[in-house]
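Undergrad: Enclosed is the structure file run_37.txt (compact mmCIF, C-alpha atoms and all ligand atoms).
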```txt
# COMPACT_ATOMS: atom_id res chain seq x y z
CA MET D 1 -13.99 -18.74 6.71
CA LYS D 2 -17.61 -19.02 5.63
CA LYS D 3 -18.30 -18.86 1.90
CA ARG D 4 -20.46 -15.87 1.02
CA ILE D 5 -23.07 -16.89 -1.50
CA ALA D 6 -25.06 -14.89 -4.05
CA ILE D 7 -28.12 -16.77 -5.31
CA LEU D 8 -29.51 -15.50 -8.61
CA GLY D 9 -33.07 -16.81 -8.67
CA SER D 10 -33.42 -17.62 -4.98
CA THR D 11 -37.21 -17.96 -5.21
CA GLY D 12 -37.13 -20.83 -7.71
CA SER D 13 -36.71 -24.57 -7.33
CA ILE D 14 -32.88 -24.53 -7.32
CA GLY D 15 -32.78 -21.28 -5.36
CA THR D 16 -34.95 -22.54 -2.51
CA GLN D 17 -33.04 -25.84 -2.36
CA THR D 18 -29.77 -23.91 -2.21
CA LEU D 19 -31.14 -22.05 0.79
CA GLU D 20 -32.05 -25.39 2.41
CA VAL D 21 -28.44 -26.53 1.96
CA ILE D 22 -27.17 -23.28 3.47
CA GLU D 23 -29.58 -23.59 6.38
CA GLU D 24 -28.25 -27.08 7.12
CA ASN D 25 -24.65 -25.83 7.04
CA PRO D 26 -24.56 -22.41 8.74
CA GLU D 27 -20.93 -22.91 9.79
CA HIS D 28 -19.86 -23.18 6.12
CA PHE D 29 -22.03 -20.76 4.18
CA GLU D 30 -23.72 -17.40 4.52
CA VAL D 31 -26.09 -15.60 2.20
CA GLU D 32 -24.80 -12.37 0.70
CA ILE D 33 -27.28 -11.68 -2.12
CA LEU D 34 -30.75 -12.96 -3.02
CA THR D 35 -32.61 -12.17 -6.22
CA ALA D 36 -35.99 -12.82 -7.81
CA ASN D 37 -37.88 -11.74 -10.88
CA ASN D 38 -41.41 -11.12 -9.55
CA ASN D 39 -42.00 -13.17 -6.43
CA ILE D 40 -41.30 -10.53 -3.82
CA ASP D 41 -43.41 -12.24 -1.15
CA LEU D 42 -41.01 -15.16 -1.03
CA LEU D 43 -37.99 -12.86 -1.47
CA VAL D 44 -39.11 -10.88 1.60
CA GLU D 45 -39.58 -14.07 3.62
CA GLN D 46 -36.13 -15.32 2.58
CA THR D 47 -34.56 -11.94 3.40
CA LYS D 48 -35.99 -11.91 6.91
CA LYS D 49 -34.76 -15.43 7.52
CA PHE D 50 -31.29 -15.36 5.90
CA GLN D 51 -30.38 -11.67 6.38
CA PRO D 52 -28.53 -11.07 3.09
CA ASN D 53 -26.73 -7.76 2.61
CA MET D 54 -28.48 -7.15 -0.69
CA VAL D 55 -31.57 -8.17 -2.59
CA VAL D 56 -32.44 -7.52 -6.22
CA VAL D 57 -35.78 -7.80 -7.95
CA ALA D 58 -35.29 -7.98 -11.72
CA ASN D 59 -38.72 -6.60 -12.54
CA HIS D 60 -38.65 -2.83 -11.82
CA CYS D 61 -42.40 -2.78 -11.22
CA ARG D 62 -41.94 -4.78 -8.01
CA TYR D 63 -39.27 -2.46 -6.53
CA LYS D 64 -41.53 -0.09 -4.57
CA ALA D 65 -43.48 -2.89 -2.94
CA LEU D 66 -40.24 -4.69 -2.06
CA CYS D 67 -38.78 -1.55 -0.42
CA GLU D 68 -41.97 -1.08 1.57
CA ALA D 69 -42.01 -4.70 2.76
CA LEU D 70 -38.33 -4.57 3.80
CA LYS D 71 -38.26 -1.06 5.27
CA ASP D 72 -37.31 -2.32 8.74
CA GLU D 73 -34.60 -4.72 7.52
CA PRO D 74 -30.90 -3.79 7.28
CA VAL D 75 -30.66 -4.75 3.59
CA LYS D 76 -29.78 -2.85 0.41
CA ILE D 77 -32.45 -3.15 -2.26
CA PHE D 78 -31.99 -2.84 -6.02
CA ALA D 79 -34.05 -3.46 -9.13
CA GLY D 80 -33.46 -4.32 -12.77
CA LYS D 81 -31.32 -6.54 -14.94
CA GLU D 82 -28.36 -4.16 -14.76
CA ALA D 83 -28.39 -4.40 -10.96
CA LEU D 84 -28.03 -8.18 -11.24
CA GLU D 85 -24.98 -7.70 -13.43
CA GLN D 86 -23.45 -5.28 -10.91
CA VAL D 87 -24.08 -6.98 -7.57
CA VAL D 88 -22.43 -10.23 -8.64
CA GLN D 89 -19.14 -8.35 -8.97
CA LEU D 90 -19.01 -7.16 -5.35
CA GLU D 91 -15.97 -8.01 -3.28
CA THR D 92 -18.16 -9.55 -0.58
CA VAL D 93 -19.29 -12.39 -2.88
CA ASP D 94 -17.31 -15.65 -3.05
CA VAL D 95 -19.61 -17.90 -5.10
CA VAL D 96 -22.50 -17.10 -7.42
CA VAL D 97 -25.23 -19.72 -7.78
CA THR D 98 -26.87 -19.22 -11.17
CA ALA D 99 -30.39 -20.45 -10.52
CA MET D 100 -32.25 -18.14 -12.88
CA VAL D 101 -34.13 -19.60 -15.75
CA GLY D 102 -33.27 -19.14 -19.43
CA TYR D 103 -31.26 -16.55 -21.31
CA SER D 104 -31.61 -14.11 -18.38
CA GLY D 105 -28.68 -15.93 -16.75
CA LEU D 106 -26.14 -15.11 -19.46
CA LEU D 107 -24.99 -11.57 -18.70
CA PRO D 108 -24.95 -11.79 -14.88
CA THR D 109 -22.96 -15.04 -15.14
CA LEU D 110 -20.49 -13.46 -17.54
CA LYS D 111 -20.08 -10.39 -15.32
CA ALA D 112 -19.52 -12.60 -12.27
CA ILE D 113 -16.84 -14.56 -14.12
CA GLU D 114 -15.13 -11.39 -15.31
CA ALA D 115 -15.03 -10.28 -11.66
CA GLY D 116 -13.34 -13.58 -10.71
CA LYS D 117 -16.28 -15.16 -8.87
CA HIS D 118 -16.59 -18.92 -8.82
CA ILE D 119 -19.84 -20.17 -10.30
CA ALA D 120 -22.17 -22.95 -9.15
CA LEU D 121 -23.93 -23.30 -12.46
CA ALA D 122 -27.53 -24.48 -12.64
CA ASN D 123 -28.54 -22.16 -15.47
CA LYS D 124 -27.54 -24.45 -18.34
CA GLU D 125 -28.97 -22.03 -20.92
CA THR D 126 -25.93 -19.79 -20.32
CA LEU D 127 -23.64 -22.51 -21.68
CA VAL D 128 -26.05 -23.43 -24.47
CA VAL D 129 -26.15 -19.84 -25.70
CA ALA D 130 -22.51 -18.82 -25.30
CA GLY D 131 -20.49 -21.75 -23.98
CA GLU D 132 -17.38 -20.71 -25.82
CA ILE D 133 -17.26 -17.21 -24.30
CA ILE D 134 -18.18 -18.43 -20.82
CA THR D 135 -15.53 -21.16 -20.69
CA ARG D 136 -12.86 -18.93 -22.24
CA GLU D 137 -13.55 -16.15 -19.73
CA ALA D 138 -13.55 -18.65 -16.87
CA VAL D 139 -10.05 -19.83 -17.82
CA LYS D 140 -8.83 -16.26 -18.32
CA ASN D 141 -10.13 -15.15 -14.90
CA LYS D 142 -9.13 -18.37 -13.06
CA VAL D 143 -12.74 -19.06 -12.22
CA ASN D 144 -14.09 -22.52 -11.46
CA ILE D 145 -17.46 -23.52 -12.85
CA TYR D 146 -19.00 -26.14 -10.58
CA PRO D 147 -21.88 -27.99 -12.26
CA VAL D 148 -25.16 -28.13 -10.36
CA ASP D 149 -27.18 -29.92 -13.06
CA SER D 150 -27.51 -33.47 -11.72
CA GLU D 151 -26.01 -35.24 -14.76
CA HIS D 152 -23.03 -32.89 -14.98
CA SER D 153 -22.46 -33.06 -11.25
CA ALA D 154 -22.43 -36.85 -11.67
CA ILE D 155 -19.79 -36.63 -14.40
CA PHE D 156 -17.81 -34.13 -12.31
CA GLN D 157 -17.95 -36.50 -9.31
CA CYS D 158 -16.85 -39.45 -11.50
CA LEU D 159 -13.89 -37.39 -12.70
CA ALA D 160 -12.55 -36.70 -9.19
CA GLY D 161 -9.01 -38.10 -9.03
CA GLU D 162 -8.97 -38.84 -12.80
CA HIS D 163 -7.16 -35.75 -14.08
CA MET D 164 -4.45 -37.95 -15.63
CA ASN D 165 -7.02 -39.95 -17.57
CA GLU D 166 -8.73 -39.12 -20.82
CA ILE D 167 -12.48 -39.48 -21.13
CA GLU D 168 -13.49 -41.82 -23.96
CA LYS D 169 -17.18 -41.13 -23.66
CA ILE D 170 -19.83 -39.91 -21.29
CA TYR D 171 -23.37 -41.18 -20.97
CA LEU D 172 -25.95 -38.64 -19.85
CA THR D 173 -28.97 -40.34 -18.37
CA ALA D 174 -32.45 -39.09 -19.25
CA SER D 175 -35.64 -39.98 -17.44
CA GLY D 176 -37.51 -39.92 -20.75
CA GLY D 177 -40.09 -37.63 -19.15
CA PRO D 178 -43.82 -38.23 -18.69
CA PHE D 179 -44.36 -39.13 -22.38
CA ARG D 180 -41.63 -41.73 -22.79
CA SER D 181 -44.05 -44.58 -23.49
CA LEU D 182 -46.61 -42.68 -25.60
CA THR D 183 -47.05 -43.27 -29.32
CA GLU D 184 -46.56 -40.40 -31.77
CA GLU D 185 -50.34 -40.27 -32.13
CA GLN D 186 -50.90 -40.02 -28.38
CA LEU D 187 -48.25 -37.30 -28.17
CA GLN D 188 -50.42 -35.09 -30.41
CA LYS D 189 -53.02 -34.78 -27.66
CA VAL D 190 -51.00 -34.21 -24.49
CA THR D 191 -51.86 -31.17 -22.39
CA LYS D 192 -49.86 -28.66 -20.39
CA ALA D 193 -50.96 -30.37 -17.17
CA ASP D 194 -49.69 -33.74 -18.49
CA ALA D 195 -46.36 -32.20 -19.48
CA LEU D 196 -45.89 -30.58 -16.08
CA LYS D 197 -45.96 -33.98 -14.33
CA HIS D 198 -42.32 -35.02 -14.31
CA PRO D 199 -41.98 -38.65 -13.17
CA ASN D 200 -39.01 -38.10 -10.80
CA TRP D 201 -38.08 -34.46 -10.25
CA GLU D 202 -39.93 -31.41 -8.93
CA MET D 203 -38.61 -28.46 -10.88
CA GLY D 204 -39.63 -25.09 -12.31
CA ALA D 205 -42.18 -25.07 -15.15
CA LYS D 206 -39.76 -24.27 -17.98
CA ILE D 207 -37.28 -27.08 -17.33
CA THR D 208 -40.16 -29.48 -16.67
CA ILE D 209 -41.52 -28.83 -20.17
CA ASP D 210 -37.98 -29.14 -21.55
CA SER D 211 -37.68 -32.53 -19.87
CA ALA D 212 -40.97 -33.69 -21.37
CA SER D 213 -39.87 -32.61 -24.87
CA MET D 214 -36.28 -33.84 -24.32
CA MET D 215 -34.94 -30.40 -25.13
CA ASN D 216 -33.54 -30.51 -21.61
CA LYS D 217 -31.36 -33.46 -22.59
CA GLY D 218 -30.34 -31.71 -25.80
CA PHE D 219 -29.27 -28.69 -23.76
CA GLU D 220 -27.40 -30.97 -21.39
CA VAL D 221 -25.44 -32.47 -24.29
CA ILE D 222 -24.30 -28.95 -25.24
CA GLU D 223 -23.67 -28.10 -21.59
CA ALA D 224 -21.45 -31.20 -21.27
CA LYS D 225 -19.44 -30.24 -24.33
CA TRP D 226 -18.43 -26.96 -22.71
CA LEU D 227 -18.01 -28.16 -19.13
CA PHE D 228 -15.86 -31.17 -19.99
CA ASP D 229 -14.36 -30.11 -23.34
CA LEU D 230 -15.84 -33.01 -25.32
CA LYS D 231 -16.61 -33.66 -28.98
CA PRO D 232 -20.26 -34.37 -29.90
CA GLU D 233 -19.45 -38.03 -30.64
CA GLN D 234 -18.12 -38.43 -27.09
CA ILE D 235 -21.52 -37.56 -25.60
CA ASP D 236 -24.28 -40.17 -25.57
CA VAL D 237 -27.74 -40.03 -24.08
CA ILE D 238 -29.30 -43.10 -22.50
CA VAL D 239 -32.84 -43.22 -21.18
CA HIS D 240 -32.98 -44.42 -17.57
CA PRO D 241 -36.55 -43.98 -16.30
CA GLN D 242 -35.72 -44.40 -12.59
CA SER D 243 -33.28 -41.39 -12.45
CA ILE D 244 -31.01 -43.20 -9.97
CA VAL D 245 -27.85 -43.38 -12.07
CA HIS D 246 -27.26 -39.67 -12.68
CA SER D 247 -24.68 -40.18 -15.45
CA MET D 248 -21.58 -42.16 -16.36
CA VAL D 249 -18.03 -41.72 -17.62
CA GLN D 250 -16.21 -44.29 -19.72
CA PHE D 251 -12.42 -44.11 -19.73
CA ARG D 252 -10.08 -45.30 -22.45
CA ASP D 253 -9.47 -48.68 -20.80
CA GLY D 254 -13.23 -49.30 -21.08
CA SER D 255 -13.84 -48.85 -17.37
CA MET D 256 -17.08 -47.05 -16.49
CA LYS D 257 -17.81 -44.92 -13.44
CA ALA D 258 -21.36 -43.98 -12.51
CA GLN D 259 -22.69 -41.69 -9.82
CA MET D 260 -25.92 -42.78 -8.16
CA GLY D 261 -28.40 -41.61 -5.58
CA LEU D 262 -32.01 -40.71 -5.04
CA PRO D 263 -33.19 -37.81 -7.21
CA ASP D 264 -32.56 -34.84 -4.92
CA MET D 265 -30.94 -31.65 -6.22
CA LYS D 266 -29.67 -30.71 -2.77
CA LEU D 267 -26.85 -33.22 -3.19
CA PRO D 268 -25.32 -31.69 -6.36
CA ILE D 269 -25.94 -28.20 -4.98
CA GLN D 270 -24.06 -29.02 -1.77
CA TYR D 271 -21.25 -30.73 -3.69
CA ALA D 272 -20.86 -27.66 -5.92
CA LEU D 273 -20.85 -25.23 -2.99
CA ASN D 274 -18.28 -27.10 -0.92
CA PHE D 275 -16.13 -28.77 -3.59
CA PRO D 276 -13.82 -30.65 -3.13
CA LYS D 277 -14.95 -31.63 0.37
CA ARG D 278 -18.19 -33.55 0.87
CA LEU D 279 -20.27 -32.39 3.81
CA PRO D 280 -22.40 -34.68 5.95
CA SER D 281 -26.08 -34.50 5.08
CA SER D 282 -29.46 -35.65 6.31
CA PHE D 283 -30.65 -36.43 2.74
CA GLU D 284 -32.60 -39.66 2.39
CA ARG D 285 -30.31 -42.61 1.55
CA PHE D 286 -30.68 -44.82 -1.51
CA ASN D 287 -31.66 -48.43 -0.86
CA PHE D 288 -30.94 -50.96 -3.64
CA LEU D 289 -33.77 -53.19 -2.45
CA ASN D 290 -36.31 -50.46 -3.28
CA TYR D 291 -34.98 -50.47 -6.86
CA PRO D 292 -34.56 -54.11 -7.89
CA LYS D 293 -34.63 -53.03 -11.56
CA LEU D 294 -32.59 -50.19 -12.99
CA THR D 295 -33.34 -50.09 -16.72
CA PHE D 296 -31.77 -48.40 -19.74
CA GLU D 297 -33.04 -47.80 -23.27
CA GLN D 298 -32.23 -45.91 -26.46
CA PRO D 299 -33.77 -42.41 -26.76
CA ASN D 300 -36.34 -42.11 -29.55
CA THR D 301 -35.23 -39.06 -31.57
CA LYS D 302 -38.01 -39.58 -34.12
CA LYS D 303 -40.60 -39.03 -31.41
CA PHE D 304 -38.52 -36.46 -29.48
CA ARG D 305 -36.96 -34.45 -32.31
CA ASN D 306 -35.59 -31.77 -30.00
CA LEU D 307 -32.75 -34.04 -29.01
CA ALA D 308 -31.68 -34.40 -32.66
CA LEU D 309 -32.03 -30.63 -33.17
CA ALA D 310 -29.72 -29.98 -30.25
CA TYR D 311 -27.08 -32.37 -31.64
CA GLU D 312 -27.38 -30.57 -34.98
CA ALA D 313 -26.89 -27.18 -33.28
CA LEU D 314 -23.87 -28.54 -31.46
CA GLU D 315 -22.34 -29.98 -34.65
CA GLN D 316 -22.82 -26.78 -36.66
CA GLY D 317 -21.89 -24.48 -33.79
CA GLY D 318 -21.73 -20.72 -34.31
CA ASN D 319 -24.89 -19.01 -33.11
CA LEU D 320 -27.10 -22.04 -33.84
CA PRO D 321 -27.28 -23.21 -30.18
CA CYS D 322 -28.28 -19.63 -29.27
CA ILE D 323 -31.07 -19.79 -31.89
CA LEU D 324 -32.12 -23.21 -30.53
CA ASN D 325 -32.35 -21.78 -27.01
CA ALA D 326 -34.24 -18.58 -27.89
CA ALA D 327 -36.73 -20.40 -30.11
CA ASN D 328 -37.26 -22.98 -27.38
CA GLU D 329 -37.90 -20.31 -24.73
CA VAL D 330 -40.55 -18.74 -26.95
CA VAL D 331 -42.30 -22.01 -27.81
CA VAL D 332 -42.27 -23.23 -24.20
CA GLN D 333 -43.93 -20.00 -23.05
CA ALA D 334 -46.51 -20.34 -25.86
CA PHE D 335 -47.17 -23.96 -24.87
CA LEU D 336 -47.54 -22.96 -21.21
CA LYS D 337 -50.07 -20.31 -22.30
CA GLU D 338 -51.83 -23.05 -24.31
CA LYS D 339 -51.34 -21.19 -27.61
CA ILE D 340 -49.64 -24.12 -29.34
CA ARG D 341 -49.62 -27.91 -28.98
CA PHE D 342 -46.80 -29.93 -27.47
CA VAL D 343 -45.92 -31.40 -30.89
CA ASP D 344 -45.73 -27.93 -32.47
CA MET D 345 -42.67 -27.05 -30.40
CA PRO D 346 -39.96 -28.94 -32.35
CA ASP D 347 -41.44 -27.82 -35.70
CA LEU D 348 -41.19 -24.19 -34.66
CA VAL D 349 -37.70 -24.57 -33.23
CA GLU D 350 -36.52 -26.26 -36.42
CA ALA D 351 -38.07 -23.57 -38.63
CA SER D 352 -36.35 -20.91 -36.51
CA MET D 353 -33.01 -22.67 -36.82
CA GLN D 354 -33.42 -22.65 -40.61
CA GLN D 355 -34.51 -19.02 -40.90
CA VAL D 356 -32.48 -16.95 -38.44
CA THR D 357 -29.19 -15.54 -39.81
CA PHE D 358 -26.36 -18.00 -39.16
CA ILE D 359 -23.13 -16.55 -37.75
CA LYS D 360 -20.13 -18.85 -37.76
CA ASP D 361 -17.88 -17.05 -35.25
CA PRO D 362 -20.17 -14.98 -33.04
CA VAL D 363 -19.02 -12.48 -30.43
CA LEU D 364 -21.13 -11.48 -27.43
CA ASP D 365 -23.09 -8.81 -29.33
CA ASP D 366 -23.95 -11.36 -32.02
CA TYR D 367 -25.48 -13.62 -29.37
CA ILE D 368 -27.50 -10.72 -27.98
CA GLN D 369 -28.77 -9.83 -31.48
CA THR D 370 -29.40 -13.47 -32.37
CA ASP D 371 -31.48 -13.93 -29.24
CA LYS D 372 -33.61 -10.88 -30.17
CA GLU D 373 -33.95 -11.86 -33.85
CA THR D 374 -34.95 -15.40 -32.98
CA ARG D 375 -37.57 -14.34 -30.43
CA LEU D 376 -39.19 -12.07 -33.02
CA LEU D 377 -39.12 -14.72 -35.71
CA THR D 378 -40.41 -17.58 -33.54
CA SER D 379 -43.19 -15.37 -32.15
CA SER D 380 -44.26 -14.42 -35.67
CA LEU D 381 -44.22 -18.08 -36.74
CA ILE D 382 -46.52 -18.84 -33.81
CA LYS D 383 -48.89 -16.01 -34.83
CA GLN D 384 -48.98 -17.21 -38.43
CA ARG D 385 -49.74 -20.72 -37.25
CA SER D 386 -52.66 -19.58 -35.10
CA LYS D 387 -54.14 -17.66 -38.08
CA ASN D 388 -54.07 -20.75 -40.32
N1 LIG H 1 -35.11 -27.28 -10.86
C1 LIG H 1 -34.19 -28.21 -11.02
O1 LIG H 1 -34.23 -29.27 -10.37
C2 LIG H 1 -33.09 -28.00 -12.02
C3 LIG H 1 -32.91 -26.78 -12.66
N2 LIG H 1 -31.85 -26.59 -13.49
C4 LIG H 1 -31.69 -25.29 -14.14
O2 LIG H 1 -31.66 -24.29 -13.13
C5 LIG H 1 -32.25 -23.08 -13.60
C6 LIG H 1 -33.38 -22.69 -12.66
O3 LIG H 1 -34.38 -23.68 -12.75
P1 LIG H 1 -35.58 -23.73 -11.70
O4 LIG H 1 -35.06 -23.42 -10.34
O5 LIG H 1 -36.28 -25.01 -11.93
O6 LIG H 1 -36.49 -22.54 -12.23
P2 LIG H 1 -37.68 -21.80 -11.46
O7 LIG H 1 -38.61 -21.34 -12.50
O8 LIG H 1 -38.19 -22.62 -10.35
O9 LIG H 1 -36.95 -20.52 -10.81
C7 LIG H 1 -36.39 -19.53 -11.61
C8 LIG H 1 -35.82 -18.42 -10.77
O10 LIG H 1 -35.30 -17.40 -11.63
C9 LIG H 1 -36.03 -16.18 -11.44
N3 LIG H 1 -36.22 -15.60 -12.76
C10 LIG H 1 -37.06 -16.01 -13.74
N4 LIG H 1 -36.96 -15.23 -14.82
C11 LIG H 1 -36.05 -14.28 -14.51
C12 LIG H 1 -35.55 -13.14 -15.21
N5 LIG H 1 -35.94 -12.85 -16.45
N6 LIG H 1 -34.63 -12.38 -14.59
C13 LIG H 1 -34.23 -12.65 -13.34
N7 LIG H 1 -34.67 -13.70 -12.63
C14 LIG H 1 -35.57 -14.51 -13.21
C15 LIG H 1 -37.34 -16.58 -10.77
O11 LIG H 1 -37.89 -15.51 -10.03
P3 LIG H 1 -39.48 -15.48 -9.66
O12 LIG H 1 -39.67 -16.59 -8.68
O13 LIG H 1 -39.66 -14.15 -9.07
O14 LIG H 1 -40.21 -15.69 -10.94
C16 LIG H 1 -36.85 -17.72 -9.90
O15 LIG H 1 -36.20 -17.21 -8.76
C17 LIG H 1 -32.71 -23.36 -15.03
O16 LIG H 1 -31.75 -22.93 -15.93
C18 LIG H 1 -32.81 -24.89 -15.07
O17 LIG H 1 -32.62 -25.42 -16.36
C19 LIG H 1 -30.93 -27.57 -13.73
C20 LIG H 1 -31.07 -28.80 -13.15
C21 LIG H 1 -32.15 -29.12 -12.26
C1 LIG H 2 -32.62 -32.67 -11.99
C2 LIG H 2 -32.01 -32.42 -13.28
O1 LIG H 2 -30.82 -32.37 -13.42
C3 LIG H 2 -32.88 -32.24 -14.45
O2 LIG H 2 -32.19 -31.64 -15.52
C4 LIG H 2 -33.34 -33.61 -14.81
O3 LIG H 2 -32.28 -34.24 -15.41
C5 LIG H 2 -34.52 -33.58 -15.69
O4 LIG H 2 -34.86 -34.85 -16.05
P1 LIG H 2 -34.82 -35.43 -17.53
O5 LIG H 2 -33.79 -36.48 -17.52
O6 LIG H 2 -36.22 -35.91 -17.68
O7 LIG H 2 -34.52 -34.30 -18.48
MN MN H 3 -30.28 -32.35 -15.52
```
Will you turn the file into structure tokens for me?
TA:
Amino acid sequence: MKKRIAILGSTGSIGTQTLEVIEENPEHFEVEILTANNNIDLLVEQTKKFQPNMVVVANHCRYKALCEALKDEPVKIFAGKEALEQVVQLETVDVVVTAMVGYSGLLPTLKAIEAGKHIALANKETLVVAGEIITREAVKNKVNIYPVDSEHSAIFQCLAGEHMNEIEKIYLTASGGPFRSLTEEQLQKVTKADALKHPNWEMGAKITIDSASMMNKGFEVIEAKWLFDLKPEQIDVIVHPQSIVHSMVQFRDGSMKAQMGLPDMKLPIQYALNFPKRLPSSFERFNFLNYPKLTFEQPNTKKFRNLALAYEALEQGGNLPCILNAANEVVVQAFLKEKIRFVDMPDLVEASMQQVTFIKDPVLDDYIQTDKETRLLTSSLIKQRSKN
């Protein structure tokens, strides 16, 4: 039986690579649903090629044009956020790939889990915002969450066959981003174009900025806590500029397992879609001789304060990780619009974490309200800053 796949965010970096994996393995997978936010040109192209049963465009304004472009195709067309939450529940879906960016992934992922759909999770923000609810609902509905994020896929791969063994610690590797070697003074002057040049990975704009600011690694620490049920002190970050070792697990006898390979997201995507069986692939193979030096160093949390902020949010819990995420989404958009400097981002995130109402035991509605409150506050902090 082929697995029927819904891809939320099929027009993005993870979405398009998921389609490449499906194209290479037509005997294993078929596309059931594709979705985008705005990019209907690519959505139309993907629809004609992969013949999904349904497509959704989140932005209502693009609906008419999408219907017109697909009028000769046998596909059902929907628009809006609510449609995303509904289509993931359909009986014809086996696995939902969450490849949307940011907070927008939360409710569709939750609805998919409540409907018993397995999740290939790329959208780490879902776990940052509401990891407790997501993991609890997954257990309740007997849903598996397969990590797509390269580091978490690495940990997941290292854990295969180790269910009897406790994890002592995990090490999440970080590339260090394009600004790893800059001084604090140099960091003051970096531009959007500089920040968008990731040394090893080609990704969407938002995660690329998060990698440069190391918020991505902070999010991944929180993501790891929920995926692998770890305490903060069991999660370490180690900078590894070559991005070849994707992460490591240390067991209680001191033994370490690492997962390695060239930086290519198709591998973790394919592993998540076909777990537990590995499929053959044409992906380029790693050659040790091309990498005579694999290096490791301590992250600099004085220079990259976001990482420390994320650990703080994880330690304090409650709605603080949700505040961290919402504030970060707002500052990243402002940085991409060149309204604030790169170094302003952690200041604004920290101020938001201090000022938004803290809720110790949030329920879903609290997360929704916290997200709104934080966006308003962080936006007003940005406005105040530009007036001064
Ligand atoms: N790219 C990578 O290598 C990795 C990404 N991830 C995670 O995967 C997720 C996706 O990242 P990436 O593929 O890089 O992102 P992209 O920006 O490349 O793609 C995002 C996708 O989500 C859609 N989208 C954006 N906003 C909304 C919204 N409000 N509602 C519905 N759909 C929306 C976009 O549609 P449109 O094209 O129409 O704008 C697009 O299809 C992120 O959470 C990221 O952290 C994790 C590990 C690696
Ligand atoms: C490909 C992937 O998983 C990204 O999350 C990647 O890890 C980003 O690189 P950084 O290590 O620079 O954050
Ligand atoms: Mn990652």
Undergrad: So that I can see what lies close to segment 139-156 of chain D, please list as a short mmCIF file (atom, residue, chain, number, x, y, z; two decimals) with C-alpha atoms, keeping the file's coordinate frame the residues with an atom at most 7 Å from it, counting only C-alpha atoms and leaving out residues fewer than 5 positions away in the same chain.
TA:
```
data_model
loop_
_atom_site.label_atom_id
_atom_site.label_comp_id
_atom_site.auth_asym_id
_atom_site.auth_seq_id
_atom_site.Cartn_x
_atom_site.Cartn_y
_atom_site.Cartn_z
CA ILE D 113 -16.84 -14.56 -14.12
CA GLU D 114 -15.13 -11.39 -15.31
CA GLY D 116 -13.34 -13.58 -10.71
CA LYS D 117 -16.28 -15.16 -8.87
CA HIS D 118 -16.59 -18.92 -8.82
CA ILE D 119 -19.84 -20.17 -10.30
CA ALA D 120 -22.17 -22.95 -9.15
CA LEU D 121 -23.93 -23.30 -12.46
CA ALA D 122 -27.53 -24.48 -12.64
CA LEU D 172 -25.95 -38.64 -19.85
CA THR D 173 -28.97 -40.34 -18.37
CA ALA D 224 -21.45 -31.20 -21.27
CA HIS D 246 -27.26 -39.67 -12.68
CA SER D 247 -24.68 -40.18 -15.45
CA MET D 248 -21.58 -42.16 -16.36
CA VAL D 249 -18.03 -41.72 -17.62
CA GLN D 259 -22.69 -41.69 -9.82
CA MET D 265 -30.94 -31.65 -6.22
CA PRO D 268 -25.32 -31.69 -6.36
CA ILE D 269 -25.94 -28.20 -4.98
CA ALA D 272 -20.86 -27.66 -5.92
#
```
Undergrad: In the coordinates of the file, take the point (-16.5, -31.7, -31.6) and a cut-off of 12 Å; then, counting only C-alpha atoms, name each qualifying protein, DNA or RNA residue as a ChimeraX atom specification.
TA: /D:221-222,224-226,228-235,311-317
Undergrad: Could you check which of D:Pro26, D:Gly177, D:Gly204, D:Pro292 is closest to ligand LIG 1 (chain H), using only C-alpha atoms and all ligand atoms?
TA: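 Among the listed residues, D:Gly204 lies closest to ligand LIG 1 (chain H).
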Undergrad: For atom CA of Arg341 of chain D and atom CA of Asn38 of chain D, determine how far apart the two atoms are, in Å to one decimal place.
TA: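 Computed distance, atom CA of Arg341 of chain D to atom CA of Asn38 of chain D, equals 27.0 Å.
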Undergrad: State, in Å with one decimal place, the distance from atom CA of Ser352 of chain D to atom CA of Thr208 of chain D.
TA: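 Rounded to one decimal, the two atoms are 21.9 Å apart.
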Undergrad: Would you list the contacts of Ala83 of chain D as an mmCIF file with C-alpha atoms, keeping the file's coordinate frame, taking every protein, DNA or RNA residue within 10 Å and counting only C-alpha atoms, but skipping same-chain residues closer than 2 positions in sequence?
TA:
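Output contents, as saved in result02.cif:
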```cif
data_model
loop_
_atom_site.group_PDB
_atom_site.id
_atom_site.type_symbol
_atom_site.label_atom_id
_atom_site.label_comp_id
_atom_site.auth_asym_id
_atom_site.auth_seq_id
_atom_site.Cartn_x
_atom_site.Cartn_y
_atom_site.Cartn_z
ATOM 1 C CA VAL D 55 -31.570 -8.170 -2.590
ATOM 2 C CA VAL D 56 -32.440 -7.520 -6.220
ATOM 3 C CA VAL D 57 -35.780 -7.800 -7.950
ATOM 4 C CA ALA D 58 -35.290 -7.980 -11.720
ATOM 5 C CA ILE D 77 -32.450 -3.150 -2.260
ATOM 6 C CA PHE D 78 -31.990 -2.840 -6.020
ATOM 7 C CA ALA D 79 -34.050 -3.460 -9.130
ATOM 8 C CA GLY D 80 -33.460 -4.320 -12.770
ATOM 9 C CA LYS D 81 -31.320 -6.540 -14.940
ATOM 10 C CA GLU D 85 -24.980 -7.700 -13.430
ATOM 11 C CA GLN D 86 -23.450 -5.280 -10.910
ATOM 12 C CA VAL D 87 -24.080 -6.980 -7.570
ATOM 13 C CA VAL D 88 -22.430 -10.230 -8.640
ATOM 14 C CA PRO D 108 -24.950 -11.790 -14.880
#
```
Undergrad: Could you please determine the separation between atom CA of Lys197 of chain D and atom CA of Pro321 of chain D in Å, to one decimal place?
TA: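 Spanning atom CA of Lys197 of chain D to atom CA of Pro321 of chain D is a straight-line distance of 26.8 Å.
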